[in-house]
$ cat my_file.pdb   # PDB, C-alpha atoms
ATOM      1  CA  MET N1224     147.542  40.108 106.485
ATOM      2  CA  ASN N1225     150.890  39.630 104.842
ATOM      3  CA  GLU N1226     151.982  36.807 102.624
ATOM      4  CA  GLN N1227     155.658  35.983 102.843
ATOM      5  CA  SER N1228     155.977  32.645 101.193
ATOM      6  CA  GLY N1229     158.519  31.284  98.822
ATOM      7  CA  GLY N1230     156.748  28.904  96.521
ATOM      8  CA  GLY N1231     154.530  29.441  93.515
ATOM      9  CA  PRO N1232     150.846  28.632  93.645
ATOM     10  CA  ASP N1233     151.321  25.212  92.050
ATOM     11  CA  LYS N1234     153.826  24.098  94.648
ATOM     12  CA  ALA N1235     152.182  25.154  97.896
ATOM     13  CA  ARG N1236     150.592  22.354  99.872
ATOM     14  CA  ALA N1237     149.633  24.246 103.027
ATOM     15  CA  ILE N1238     149.074  27.660 104.578
ATOM     16  CA  VAL N1239     150.763  28.516 107.867
ATOM     17  CA  VAL N1240     149.209  31.327 109.890
ATOM     18  CA  GLY N1241     149.798  32.539 113.420
ATOM     19  CA  HIS N1242     150.437  35.359 115.855
ATOM     20  CA  GLY N1243     153.203  37.899 115.300
ATOM     21  CA  GLU N1244     156.032  36.512 113.190
ATOM     22  CA  PHE N1245     155.419  32.940 114.310
ATOM     23  CA  ALA N1246     154.492  31.547 110.899
ATOM     24  CA  GLY N1247     157.332  33.262 109.069
ATOM     25  CA  GLY N1248     159.848  32.113 111.650
ATOM     26  CA  LEU N1249     158.642  28.536 111.549
ATOM     27  CA  VAL N1250     158.691  28.344 107.759
ATOM     28  CA  SER N1251     162.097  30.032 107.697
ATOM     29  CA  ALA N1252     163.333  27.219 109.918
ATOM     30  CA  VAL N1253     161.877  24.648 107.534
ATOM     31  CA  GLY N1254     163.762  26.303 104.706
ATOM     32  CA  GLN N1255     167.013  26.346 106.651
ATOM     33  CA  ILE N1256     166.738  22.688 107.614
ATOM     34  CA  CYS N1257     165.570  21.126 104.368
ATOM     35  CA  GLY N1258     165.098  23.830 101.758
ATOM     36  CA  MET N1259     161.425  23.016 101.267
ATOM     37  CA  ALA N1260     159.822  26.251 102.438
ATOM     38  CA  ASP N1261     158.240  26.606  99.012
ATOM     39  CA  LYS N1262     155.675  23.993 100.028
ATOM     40  CA  LEU N1263     154.233  26.465 102.531
ATOM     41  CA  VAL N1264     152.504  29.846 102.314
ATOM     42  CA  VAL N1265     153.041  32.165 105.279
ATOM     43  CA  LEU N1266     150.333  34.481 106.518
ATOM     44  CA  SER N1267     150.537  36.963 109.381
ATOM     45  CA  MET N1268     147.265  38.177 110.853
ATOM     46  CA  MET N1269     148.513  41.273 112.645
ATOM     47  CA  GLY N1270     146.065  44.158 112.710
ATOM     48  CA  MET N1271     143.262  42.301 110.963
ATOM     49  CA  THR N1272     139.597  41.983 111.788
ATOM     50  CA  PRO N1273     138.254  38.436 112.106
ATOM     51  CA  GLU N1274     136.484  38.903 108.778
ATOM     52  CA  ASP N1275     139.721  39.977 107.094
ATOM     53  CA  ILE N1276     141.612  37.013 108.527
ATOM     54  CA  GLU N1277     139.010  34.597 107.223
ATOM     55  CA  GLY N1278     138.816  36.308 103.843
ATOM     56  CA  THR N1279     142.571  36.315 103.361
ATOM     57  CA  ILE N1280     142.908  32.644 104.227
ATOM     58  CA  ARG N1281     140.096  31.811 101.807
ATOM     59  CA  ASN N1282     141.780  33.843  99.065
ATOM     60  CA  GLN N1283     145.101  32.119  99.590
ATOM     61  CA  LEU N1284     143.495  28.682  99.578
ATOM     62  CA  GLU N1285     141.864  29.498  96.265
ATOM     63  CA  ARG N1286     144.996  31.034  94.791
ATOM     64  CA  THR N1287     147.364  28.256  95.802
ATOM     65  CA  GLY N1288     145.128  25.208  95.852
ATOM     66  CA  ALA N1289     146.445  24.331  99.304
ATOM     67  CA  ARG N1290     144.256  21.872 101.225
ATOM     68  CA  VAL N1291     145.811  22.225 104.672
ATOM     69  CA  ILE N1292     145.889  25.094 107.179
ATOM     70  CA  PHE N1293     148.373  25.091 110.040
ATOM     71  CA  THR N1294     147.719  27.516 112.936
ATOM     72  CA  ASP N1295     149.604  28.174 116.145
ATOM     73  CA  LEU N1296     147.144  28.389 119.025
ATOM     74  CA  PRO N1297     143.860  26.496 119.359
ATOM     75  CA  ALA N1298     142.314  29.598 120.938
ATOM     76  CA  GLY N1299     143.725  31.964 118.332
ATOM     77  CA  SER N1300     141.670  34.056 115.966
ATOM     78  CA  ALA N1301     143.348  32.380 112.980
ATOM     79  CA  THR N1302     142.149  29.023 114.264
ATOM     80  CA  ILE N1303     138.649  30.385 114.744
ATOM     81  CA  ALA N1304     138.690  31.694 111.174
ATOM     82  CA  ALA N1305     140.099  28.437 109.821
ATOM     83  CA  ARG N1306     137.429  26.410 111.576
ATOM     84  CA  ARG N1307     134.771  28.501 109.866
ATOM     85  CA  ILE N1308     136.407  27.742 106.504
ATOM     86  CA  VAL N1309     136.773  24.021 107.199
ATOM     87  CA  LYS N1310     133.091  23.873 108.106
ATOM     88  CA  ASP N1311     132.012  24.762 104.562
ATOM     89  CA  THR N1312     134.983  23.440 102.568
ATOM     90  CA  PRO N1313     135.055  19.659 102.055
ATOM     91  CA  GLY N1314     138.484  18.098 101.841
ATOM     92  CA  LEU N1315     140.218  20.795 103.851
ATOM     93  CA  VAL N1316     142.160  19.987 107.024
ATOM     94  CA  LEU N1317     143.102  22.289 109.895
ATOM     95  CA  VAL N1318     145.955  21.479 112.274
ATOM     96  CA  SER N1319     146.261  23.846 115.250
ATOM     97  CA  GLY N1320     149.188  23.900 117.644
ATOM     98  CA  VAL N1321     151.691  23.448 114.817
ATOM     99  CA  ASN N1322     155.380  23.120 115.630
ATOM    100  CA  LEU N1323     158.564  22.671 113.618
ATOM    101  CA  ALA N1324     158.538  18.875 113.801
ATOM    102  CA  THR N1325     155.021  18.879 112.371
ATOM    103  CA  LEU N1326     155.950  21.034 109.399
ATOM    104  CA  LEU N1327     159.117  19.093 108.638
ATOM    105  CA  ASP N1328     157.234  15.811 108.574
ATOM    106  CA  PHE N1329     154.554  17.395 106.399
ATOM    107  CA  VAL N1330     156.830  18.785 103.700
ATOM    108  CA  PHE N1331     158.632  15.465 103.330
ATOM    109  CA  SER N1332     155.391  13.491 102.956
ATOM    110  CA  THR N1333     155.016  14.040  99.243
ATOM    111  CA  ASP N1334     153.834  10.534  98.385
ATOM    112  CA  VAL N1335     150.444  10.946 100.063
ATOM    113  CA  SER N1336     147.723  13.557  99.800
ATOM    114  CA  PRO N1337     148.317  16.818 101.697
ATOM    115  CA  THR N1338     145.451  16.062 104.058
ATOM    116  CA  ASP N1339     146.798  12.595 104.886
ATOM    117  CA  ALA N1340     150.248  14.098 105.278
ATOM    118  CA  ALA N1341     148.846  16.678 107.689
ATOM    119  CA  ARG N1342     147.205  14.042 109.871
ATOM    120  CA  ALA N1343     150.408  12.026 110.086
ATOM    121  CA  ALA N1344     152.511  15.136 110.661
ATOM    122  CA  ALA N1345     150.292  16.188 113.560
ATOM    123  CA  GLU N1346     151.046  12.894 115.281
ATOM    124  CA  ARG N1347     154.760  13.408 114.697
ATOM    125  CA  GLY N1348     154.489  16.907 116.115
ATOM    126  CA  LYS N1349     152.770  15.668 119.276
ATOM    127  CA  ALA N1350     155.482  13.071 119.781
ATOM    128  CA  SER N1351     158.192  15.700 119.425
ATOM    129  CA  LEU N1352     157.170  17.411 122.651
ATOM    130  CA  ILE N1353     159.378  15.919 125.333
ATOM    131  CA  VAL N1354     160.398  16.957 128.806
ATOM    132  CA  VAL N1355     163.920  16.268 130.029
ATOM    133  CA  GLY N1356     165.115  16.627 133.590
ATOM    134  CA  ARG N1357     163.465  16.655 136.974
TER     135      ARG N1357
ATOM    136  CA  MET B 380     136.386  38.009 143.803
ATOM    137  CA  SER B 381     134.475  39.762 141.094
ATOM    138  CA  ILE B 382     134.718  40.789 137.480
ATOM    139  CA  LEU B 383     138.276  41.921 136.896
ATOM    140  CA  LEU B 384     138.046  43.129 133.332
ATOM    141  CA  TYR B 385     135.424  44.470 130.937
ATOM    142  CA  ARG B 386     136.968  44.215 127.487
ATOM    143  CA  ILE B 387     135.950  45.185 123.954
ATOM    144  CA  ASP B 388     137.692  42.971 121.397
ATOM    145  CA  ASP B 389     136.383  42.267 117.901
ATOM    146  CA  ARG B 390     138.224  38.943 117.812
ATOM    147  CA  LEU B 391     136.127  37.849 120.801
ATOM    148  CA  ILE B 392     137.729  34.809 122.457
ATOM    149  CA  HIS B 393     141.323  34.504 121.221
ATOM    150  CA  GLY B 394     144.900  34.306 122.411
ATOM    151  CA  GLN B 395     145.186  37.728 124.039
ATOM    152  CA  VAL B 396     142.009  37.099 125.999
ATOM    153  CA  VAL B 397     142.438  33.535 127.232
ATOM    154  CA  VAL B 398     146.223  33.588 127.574
ATOM    155  CA  GLY B 399     147.402  37.203 127.643
ATOM    156  CA  TRP B 400     144.849  38.343 130.224
ATOM    157  CA  GLY B 401     143.287  35.086 131.342
ATOM    158  CA  GLN B 402     146.409  33.577 132.823
ATOM    159  CA  PRO B 403     147.817  36.514 134.839
ATOM    160  CA  LEU B 404     144.356  37.390 136.145
ATOM    161  CA  ASN B 405     143.598  33.712 136.807
ATOM    162  CA  ILE B 406     140.269  34.101 135.002
ATOM    163  CA  ARG B 407     137.858  31.263 135.753
ATOM    164  CA  LEU B 408     134.595  32.760 134.477
ATOM    165  CA  LEU B 409     134.277  34.275 131.013
ATOM    166  CA  ILE B 410     131.087  36.033 129.971
ATOM    167  CA  LEU B 411     130.862  36.610 126.218
ATOM    168  CA  VAL B 412     128.177  39.198 125.579
ATOM    169  CA  ASP B 413     127.242  39.045 121.922
ATOM    170  CA  ASP B 414     123.740  38.872 120.508
ATOM    171  CA  LEU B 415     124.736  36.929 117.380
ATOM    172  CA  VAL B 416     126.901  34.354 119.123
ATOM    173  CA  ALA B 417     124.310  33.832 121.843
ATOM    174  CA  ALA B 418     121.738  33.004 119.171
ATOM    175  CA  SER B 419     123.828  30.375 117.378
ATOM    176  CA  ASP B 420     124.680  26.934 118.745
ATOM    177  CA  TRP B 421     127.445  26.565 116.161
ATOM    178  CA  GLU B 422     129.068  29.882 117.111
ATOM    179  CA  LYS B 423     128.896  28.970 120.794
ATOM    180  CA  GLU B 424     130.544  25.616 120.141
ATOM    181  CA  LEU B 425     133.200  27.313 118.011
ATOM    182  CA  TYR B 426     134.227  29.674 120.793
ATOM    183  CA  LYS B 427     133.758  27.144 123.585
ATOM    184  CA  MET B 428     136.517  25.029 122.070
ATOM    185  CA  ALA B 429     138.870  28.008 122.344
ATOM    186  CA  VAL B 430     138.431  28.261 126.112
ATOM    187  CA  PRO B 431     140.693  26.345 128.536
ATOM    188  CA  PRO B 432     138.913  23.509 130.363
ATOM    189  CA  ASP B 433     139.313  25.179 133.749
ATOM    190  CA  VAL B 434     137.401  28.276 132.614
ATOM    191  CA  GLU B 435     133.606  28.361 132.498
ATOM    192  CA  VAL B 436     132.286  30.348 129.570
ATOM    193  CA  ARG B 437     128.752  31.689 129.246
ATOM    194  CA  PHE B 438     127.287  33.075 126.045
ATOM    195  CA  VAL B 439     124.628  35.713 126.577
ATOM    196  CA  ASP B 440     122.943  38.517 124.686
ATOM    197  CA  VAL B 441     123.066  42.069 125.989
ATOM    198  CA  PRO B 442     119.659  42.070 127.741
ATOM    199  CA  THR B 443     120.559  38.851 129.557
ATOM    200  CA  ALA B 444     123.923  40.264 130.581
ATOM    201  CA  ILE B 445     122.239  43.353 132.013
ATOM    202  CA  ARG B 446     119.732  41.200 133.893
ATOM    203  CA  ASP B 447     122.343  38.791 135.289
ATOM    204  CA  HIS B 448     125.250  41.163 135.840
ATOM    205  CA  ALA B 449     124.826  41.167 139.612
ATOM    206  CA  LYS B 450     125.172  37.357 139.617
ATOM    207  CA  TYR B 451     128.383  37.530 137.610
ATOM    208  CA  ALA B 452     129.769  40.190 139.946
ATOM    209  CA  ALA B 453     128.892  38.093 142.997
ATOM    210  CA  ASP B 454     130.521  34.944 141.631
ATOM    211  CA  PRO B 455     133.598  34.068 143.730
ATOM    212  CA  ARG B 456     135.636  33.211 140.637
ATOM    213  CA  PRO B 457     137.751  35.866 138.871
ATOM    214  CA  GLY B 458     135.695  36.961 135.892
ATOM    215  CA  LEU B 459     136.091  38.664 132.531
ATOM    216  CA  VAL B 460     133.250  40.209 130.526
ATOM    217  CA  LEU B 461     133.857  40.478 126.803
ATOM    218  CA  THR B 462     132.017  42.186 123.964
ATOM    219  CA  GLY B 463     132.968  42.262 120.309
ATOM    220  CA  ASP B 464     131.928  45.842 119.654
ATOM    221  CA  ILE B 465     131.584  49.193 121.355
ATOM    222  CA  THR B 466     127.830  49.362 120.973
ATOM    223  CA  SER B 467     127.271  46.147 122.937
ATOM    224  CA  MET B 468     129.524  47.345 125.760
ATOM    225  CA  TYR B 469     127.841  50.748 125.715
ATOM    226  CA  ARG B 470     124.431  49.076 126.056
ATOM    227  CA  LEU B 471     125.729  46.876 128.870
ATOM    228  CA  VAL B 472     127.361  49.696 130.822
ATOM    229  CA  THR B 473     124.401  52.022 130.518
ATOM    230  CA  GLY B 474     122.024  49.195 131.426
ATOM    231  CA  VAL B 475     123.945  48.031 134.471
ATOM    232  CA  LYS B 476     125.166  51.381 135.826
ATOM    233  CA  ALA B 477     127.711  49.602 138.043
ATOM    234  CA  ILE B 478     130.683  49.202 135.728
ATOM    235  CA  GLY B 479     133.598  51.468 136.549
ATOM    236  CA  SER B 480     136.073  50.786 133.781
ATOM    237  CA  VAL B 481     136.240  49.457 130.221
ATOM    238  CA  ASN B 482     139.259  48.092 128.398
ATOM    239  CA  LEU B 483     139.650  48.636 124.643
ATOM    240  CA  GLY B 484     141.512  45.530 123.565
ATOM    241  CA  GLY B 485     141.140  45.294 119.824
ATOM    242  CA  ILE B 486     138.937  47.180 117.365
ATOM    243  CA  HIS B 487     140.497  46.719 113.970
ATOM    244  CA  HIS B 488     140.316  48.492 110.656
ATOM    245  CA  ARG B 489     137.236  48.469 108.499
ATOM    246  CA  ALA B 490     135.534  50.954 106.232
ATOM    247  CA  GLY B 491     134.589  54.185 107.985
ATOM    248  CA  ARG B 492     137.046  53.789 110.837
ATOM    249  CA  SER B 493     140.223  55.793 111.313
ATOM    250  CA  GLU B 494     143.351  54.654 113.115
ATOM    251  CA  LYS B 495     143.872  55.743 116.691
ATOM    252  CA  LEU B 496     146.313  53.131 117.898
ATOM    253  CA  ARG B 497     147.876  50.118 116.190
ATOM    254  CA  TYR B 498     144.993  47.997 117.423
ATOM    255  CA  ILE B 499     142.242  50.625 117.752
ATOM    256  CA  TYR B 500     140.284  52.053 114.816
ATOM    257  CA  LEU B 501     137.085  54.022 115.410
ATOM    258  CA  THR B 502     134.193  55.560 113.521
ATOM    259  CA  PRO B 503     132.941  58.987 114.632
ATOM    260  CA  ASP B 504     129.885  57.309 116.177
ATOM    261  CA  GLU B 505     132.088  54.897 118.128
ATOM    262  CA  GLU B 506     134.184  57.805 119.370
ATOM    263  CA  GLY B 507     130.984  59.444 120.556
ATOM    264  CA  GLN B 508     129.901  56.343 122.471
ATOM    265  CA  LEU B 509     133.242  56.108 124.234
ATOM    266  CA  LYS B 510     133.146  59.799 125.138
ATOM    267  CA  ALA B 511     129.658  59.309 126.521
ATOM    268  CA  LEU B 512     130.895  56.465 128.706
ATOM    269  CA  GLU B 513     133.659  58.616 130.133
ATOM    270  CA  ALA B 514     131.234  61.468 130.675
ATOM    271  CA  ALA B 515     129.146  59.046 132.717
ATOM    272  CA  GLY B 516     132.105  58.329 134.978
ATOM    273  CA  VAL B 517     133.415  55.143 133.343
ATOM    274  CA  GLU B 518     137.183  54.959 132.942
ATOM    275  CA  VAL B 519     137.988  53.975 129.358
ATOM    276  CA  THR B 520     141.526  52.922 128.477
ATOM    277  CA  ALA B 521     143.161  51.056 125.609
ATOM    278  CA  GLN B 522     145.516  48.208 126.486
ATOM    279  CA  ASP B 523     145.915  45.152 124.282
ATOM    280  CA  VAL B 524     148.029  43.105 126.708
ATOM    281  CA  PRO B 525     148.758  43.448 130.457
ATOM    282  CA  SER B 526     152.395  44.471 129.918
ATOM    283  CA  ALA B 527     151.397  47.451 127.769
ATOM    284  CA  ARG B 528     150.561  50.880 129.137
ATOM    285  CA  ALA B 529     146.878  51.602 129.652
ATOM    286  CA  VAL B 530     146.285  54.525 127.302
ATOM    287  CA  PRO B 531     143.578  56.939 128.551
ATOM    288  CA  LEU B 532     140.732  57.663 126.160
ATOM    289  CA  PRO B 533     141.756  61.277 125.400
ATOM    290  CA  GLU B 534     145.151  60.045 124.239
ATOM    291  CA  VAL B 535     143.523  57.280 122.215
ATOM    292  CA  LEU B 536     141.305  59.755 120.413
ATOM    293  CA  GLU B 537     144.281  61.963 119.644
ATOM    294  CA  GLY B 538     146.161  58.979 118.251
ATOM    295  CA  ALA B 539     149.110  60.257 120.261
ATOM    296  CA  THR B 540     150.811  56.922 120.793
ATOM    297  CA  ARG B 541     150.774  55.487 117.305
TER     298      ARG B 541
END
$ encode --input "my_file.pdb" --output "structure tokens"
Amino acid sequence: MNEQSGGGPDKARAIVVGHGEFAGGLVSAVGQICGMADKLVVLSMMGMTPEDIEGTIRNQLERTGARVIFTDLPAGSATIAARRIVKDTPGLVLVSGVNLATLLDFVFSTDVSPTDAARAAAERGKASLIVVGR
Amino acid sequence: MSILLYRIDDRLIHGQVVVGWGQPLNIRLLILVDDLVAASDWEKELYKMAVPPDVEVRFVDVPTAIRDHAKYAADPRPGLVLTGDITSMYRLVTGVKAIGSVNLGGIHHRAGRSEKLRYIYLTPDEEGQLKALEAAGVEVTAQDVPSARAVPLPEVLEGATR
């Protein structure tokens, strides 16, 4: 698993992990829009066993102090790994199905705890999905 | 309809399985054959939440899968049988004796394994089990997603398509 993030350990508030280059692309977009990519740690899970995915996420949580995990697909192996971690880690929040609107809302919510920010950002992300046209 | 795919994938139920293969094959019945998962209510709940609501998933151990395989094959819904390791699939295939092909979908790196393809790493014992399956008339190919080429076992073992 590769870590690509900008930010130092004391700045990161969440880990973003997904298939392919999804996480890196999403966080790159956050950086382009608002310059706050350093709030996020990027992990790619390509070529990893489930045990390695879980272990790497745990290591990054410990290293950075992040309390939130964003994953792309509810059925994904990163989500499965994250759910195992959440099960035995009090105070940790997982948000699956993350999109750009979710991350933008999250990085701007600096006046509340990361876990509260994640819950609010998830609602914003859901609302950002719209369909236009017939 | 019958079982359309027998897949070995150490990530068990995940995106490539439920979306990559599940959608184009219109899978409606998923049989996860794994002794550890079948014995744990928490593991079953974990993986059940990863399955789309229009897909029935059953969690069984290998002996149960061998016993009930004919029922799965007779089910009118398109089905997929999944194991997390080669040994479980080997036990299933040799116990059922009615499985014609096996898909290697993802067997990732760990100690003792060597790389064959980007998503296939094998120990010598695992190579031997796969060779034994082919010797018994089972077609073994590696193919992570439907759009990729199905790589025959001899090519996999040579690592020719790295």
$ atom_distance --input "my_file.pdb" --atom1 "atom CA of B:Pro525" --atom2 "atom CA of B:Gly394"
12.8 Å
$ atom_distance --input "my_file.pdb" --atom1 "atom CA of B:Lys423" --atom2 "atom CA of B:His393"
13.6 Å
$ residues_around --input "my_file.pdb" --residues "B:Arg386" --least-positions-apart "5" --cutoff "9 Å" --atoms "all atoms listed in the file" --output "ChimeraX atom specification"
/B:396,459-463,468,481-485
$ closest_residue --input "my_file.pdb" --among "N:Val1239, N:Ala1301, N:Ala1343, N:Ala1260" --to "N:Thr1272" --atoms "only C-alpha atoms"
N:Ala1301
$ closest_residue --input "my_file.pdb" --among "B:Val475, B:Ala515, B:Ala417, B:Ala429" --to "B:Val398" --atoms "all atoms listed in the file"
B:Ala429
$ residues_near_point --input "my_file.pdb" --point "(156.8, 37.2, 112.6)" --cutoff "10 Å" --atoms "all atoms listed in the file" --output "VMD selection string"
chain N and resid 1227 1240 to 1249 1265 to 1269
$ resolve_selection --input "my_file.pdb" --expression "the PyMOL selection byres ((chain B) within 8 of (chain N))" --output "MDAnalysis selection string"
chainID B and resid 389:390 392:394 397 425:426 428:430 486:489 497:498
$ resolve_selection --input "my_file.pdb" --expression "the PyMOL selection byres ((chain B and resi 502) around 10)" --output "list in words"
His488, Arg489, Ala490, Gly491, Arg492, Ser493, Glu494, Tyr500, Leu501, Pro503, Asp504, Glu505, Glu506, Gly507 and Gln508 of chain B
$ resolve_selection --input "my_file.pdb" --expression "the PyMOL selection byres ((chain B and resi 455) around 8)" --output "VMD selection string"
chain B and resid 380 to 381 453 to 454 456 to 457
$ atom_distance --input "my_file.pdb" --atom1 "atom CA of N:Val1291" --atom2 "atom CA of N:Ala1350"
20.1 Å
$ residues_near_point --input "my_file.pdb" --point "(126.9, 52.3, 136.0)" --cutoff "12 Å" --atoms "only C-alpha atoms" --output "MDAnalysis selection string"
chainID B and resid 445 448:449 468:481 512:518
$ closest_residue --input "my_file.pdb" --among "N:Lys1310, N:Arg1357, N:Arg1281, N:Arg1290" --to "N:Ser1336" --atoms "only C-alpha atoms"
N:Arg1290
$ closest_residue --input "my_file.pdb" --among "N:Gln1255, N:Asn1282, N:Thr1312, N:Thr1294" --to "N:Leu1327" --atoms "all atoms listed in the file"
N:Gln1255
$ axis_aligned_box --input "my_file.pdb" --around "stretch 405-419 of chain B" --padding-each-side "6 Å" --output "AutoDock Vina command-line options"
--center_x 132.7 --center_y 34.8 --center_z 127.1 --size_x 33.9 --size_y 20.8 --size_z 31.4
$ build_atoms --input "my_file.pdb" --residues "stretch 1315-1323 of chain N" --atoms "all heavy atoms" --output "JSON list (two decimals), in the frame of the given file"
[["chain", "number", "residue", "atom", "x", "y", "z"],
["N", 1315, "LEU", "N", 139.23, 19.89, 103.26],
["N", 1315, "LEU", "CA", 140.22, 20.80, 103.85],
["N", 1315, "LEU", "C", 140.51, 20.35, 105.28],
["N", 1315, "LEU", "O", 139.60, 19.95, 106.01],
["N", 1315, "LEU", "CB", 139.65, 22.22, 103.85],
["N", 1315, "LEU", "CG", 140.60, 23.37, 104.16],
["N", 1315, "LEU", "CD1", 141.64, 23.51, 103.07],
["N", 1315, "LEU", "CD2", 139.80, 24.67, 104.29],
["N", 1316, "VAL", "N", 141.77, 20.42, 105.68],
["N", 1316, "VAL", "CA", 142.16, 19.99, 107.02],
["N", 1316, "VAL", "C", 142.83, 21.14, 107.76],
["N", 1316, "VAL", "O", 143.65, 21.86, 107.18],
["N", 1316, "VAL", "CB", 143.12, 18.78, 106.96],
["N", 1316, "VAL", "CG1", 143.81, 18.55, 108.30],
["N", 1316, "VAL", "CG2", 142.37, 17.52, 106.54],
["N", 1317, "LEU", "N", 142.47, 21.31, 109.02],
["N", 1317, "LEU", "CA", 143.10, 22.29, 109.90],
["N", 1317, "LEU", "C", 143.90, 21.55, 110.96],
["N", 1317, "LEU", "O", 143.38, 20.62, 111.60],
["N", 1317, "LEU", "CB", 142.03, 23.17, 110.57],
["N", 1317, "LEU", "CG", 142.46, 23.94, 111.83],
["N", 1317, "LEU", "CD1", 143.49, 25.01, 111.49],
["N", 1317, "LEU", "CD2", 141.24, 24.54, 112.52],
["N", 1318, "VAL", "N", 145.14, 21.99, 111.17],
["N", 1318, "VAL", "CA", 145.96, 21.48, 112.27],
["N", 1318, "VAL", "C", 146.34, 22.68, 113.13],
["N", 1318, "VAL", "O", 147.06, 23.57, 112.65],
["N", 1318, "VAL", "CB", 147.23, 20.77, 111.77],
["N", 1318, "VAL", "CG1", 148.09, 20.32, 112.96],
["N", 1318, "VAL", "CG2", 146.88, 19.59, 110.88],
["N", 1319, "SER", "N", 145.86, 22.74, 114.36],
["N", 1319, "SER", "CA", 146.26, 23.85, 115.25],
["N", 1319, "SER", "C", 147.31, 23.34, 116.22],
["N", 1319, "SER", "O", 147.42, 22.14, 116.49],
["N", 1319, "SER", "CB", 145.06, 24.41, 115.99],
["N", 1319, "SER", "OG", 144.59, 23.49, 116.94],
["N", 1320, "GLY", "N", 148.09, 24.28, 116.75],
["N", 1320, "GLY", "CA", 149.19, 23.90, 117.64],
["N", 1320, "GLY", "C", 150.41, 23.43, 116.88],
["N", 1320, "GLY", "O", 151.20, 22.63, 117.37],
["N", 1321, "VAL", "N", 150.60, 23.94, 115.67],
["N", 1321, "VAL", "CA", 151.69, 23.45, 114.82],
["N", 1321, "VAL", "C", 153.06, 23.77, 115.44],
["N", 1321, "VAL", "O", 153.24, 24.79, 116.09],
["N", 1321, "VAL", "CB", 151.59, 24.07, 113.40],
["N", 1321, "VAL", "CG1", 151.81, 25.58, 113.43],
["N", 1321, "VAL", "CG2", 152.55, 23.40, 112.44],
["N", 1322, "ASN", "N", 154.00, 22.87, 115.23],
["N", 1322, "ASN", "CA", 155.38, 23.12, 115.63],
["N", 1322, "ASN", "C", 156.31, 22.71, 114.48],
["N", 1322, "ASN", "O", 155.86, 22.25, 113.42],
["N", 1322, "ASN", "CB", 155.73, 22.38, 116.93],
["N", 1322, "ASN", "CG", 155.53, 20.88, 116.83],
["N", 1322, "ASN", "OD1", 155.48, 20.32, 115.73],
["N", 1322, "ASN", "ND2", 155.42, 20.23, 117.98],
["N", 1323, "LEU", "N", 157.60, 22.90, 114.70],
["N", 1323, "LEU", "CA", 158.56, 22.67, 113.62],
["N", 1323, "LEU", "C", 158.59, 21.21, 113.19],
["N", 1323, "LEU", "O", 158.65, 20.90, 111.98],
["N", 1323, "LEU", "CB", 159.96, 23.13, 114.06],
["N", 1323, "LEU", "CG", 161.07, 23.03, 113.02],
["N", 1323, "LEU", "CD1", 160.70, 23.75, 111.74],
["N", 1323, "LEU", "CD2", 162.37, 23.59, 113.60]]
